Amino acid sequence: MWEAFRGRLDSIWRKDGSVYGRPPMNSIRMFKLLVLQKISGNLSDEQMEFQIIDRDSLKVFLDIINIEQVLDRKTIWAYRNILGQVKIEGCPAFNHLFKEYHFLWRFF
């Protein structure tokens with residue numbers, strides 16, 4: 001189900017082809033995290049980072065194998081802001097994709 005979002009998420013997340021700096025985040029992992037954050041009562045970015053570190057079930061859900069893959073609060077904030085600024089059909093990308101996620105979820 002999550003792979004259905006990869007194309008649109010990858011096109012939103014900036015990819016400049018640079019070989020320098022940190023590699024781009026896994027767009028599916030970031031979207032799963034934001035969906036989880038929203039359905040968990042809009043946890044703060046700091047609380048979300050803590051919950052990922054603290055709970056093995058979240059690490060499994062987010063496909064995090066080692067602690068270096070845990071997403072920090074600034075990365076969560078930056079990704080949410082990008083998805084809030086980009087528009088799909090006139091509304092913020094995250095809102096549009098979240099509605100689509102809810103639609104797909106009914107069939108699983």
# chains A, B, ... in the order shown; residues from 1 in each chain; ligands from 1
>>> residues_around(residues="Asp72 in chain A", least_positions_apart="4", cutoff="10 Å", atoms="only C-alpha atoms", output="JSON, numbers by chain")
{"A": [45, 46, 48, 49, 50, 52, 53, 68, 76, 77]}
>>> write_last_selection(atoms="N, CA and C atoms", output="mmCIF file, in the first residue's frame")
data_model
loop_
_atom_site.group_PDB
_atom_site.id
_atom_site.type_symbol
_atom_site.label_atom_id
_atom_site.label_comp_id
_atom_site.auth_asym_id
_atom_site.auth_seq_id
_atom_site.Cartn_x
_atom_site.Cartn_y
_atom_site.Cartn_z
ATOM 1 N N ASP A 45 7.262 17.119 17.239
ATOM 2 C CA ASP A 45 8.393 16.495 16.555
ATOM 3 C C ASP A 45 9.361 15.886 17.563
ATOM 4 N N GLU A 46 9.569 16.571 18.691
ATOM 5 C CA GLU A 46 10.452 16.057 19.739
ATOM 6 C C GLU A 46 9.900 14.763 20.331
ATOM 7 N N MET A 48 7.826 12.709 18.848
ATOM 8 C CA MET A 48 7.874 11.670 17.817
ATOM 9 C C MET A 48 9.272 11.060 17.758
ATOM 10 N N GLU A 49 10.300 11.893 17.796
ATOM 11 C CA GLU A 49 11.675 11.393 17.803
ATOM 12 C C GLU A 49 11.895 10.478 19.009
ATOM 13 N N PHE A 50 11.430 10.895 20.176
ATOM 14 C CA PHE A 50 11.580 10.080 21.382
ATOM 15 C C PHE A 50 10.855 8.747 21.241
ATOM 16 N N ILE A 52 10.119 7.056 18.576
ATOM 17 C CA ILE A 52 10.810 6.163 17.636
ATOM 18 C C ILE A 52 11.999 5.510 18.320
ATOM 19 N N ILE A 53 12.749 6.287 19.084
ATOM 20 C CA ILE A 53 13.908 5.736 19.798
ATOM 21 C C ILE A 53 13.458 4.734 20.846
ATOM 22 N N GLU A 68 21.144 5.058 13.892
ATOM 23 C CA GLU A 68 21.510 6.154 12.988
ATOM 24 C C GLU A 68 20.401 6.487 11.998
ATOM 25 N N ILE A 76 12.086 15.861 10.655
ATOM 26 C CA ILE A 76 10.622 15.713 10.657
ATOM 27 C C ILE A 76 9.971 17.050 10.332
ATOM 28 N N TRP A 77 10.435 18.108 10.999
ATOM 29 C CA TRP A 77 9.898 19.459 10.784
ATOM 30 C C TRP A 77 10.082 19.889 9.329
#
>>> residues_around(residues="Ile88 in chain A", least_positions_apart="2", cutoff="12 Å", atoms="only C-alpha atoms", output="PyMOL selection string")
chain A and resi 8-9+11-12+83-86+90-100
>>> atom_distance(atom1="CA of Gln51 in chain A", atom2="CA of Trp2 in chain A")
21.2 Å
>>> select_by_dssp(residues="chain A", states="strand (DSSP E)", output="list of chain:residue names")
A:Lys87, A:Ile88, A:Cys91, A:Pro92
>>> select_by_dssp(residues="chain A", states="alpha helix (DSSP H)", output="PyMOL selection string")
chain A and resi 6-12+27-39+45-54+56-61+73-85+93-105
>>> atom_distance(atom1="CA of Arg73 in chain A", atom2="CA of Ser44 in chain A")
8.5 Å
>>> residues_around(residues="Phe31 in chain A", least_positions_apart="3", cutoff="9 Å", atoms="only C-alpha atoms", output="NGL selection string")
:A and (2 or 5 or 9 or 26-28 or 34-36 or 79-80 or 94)
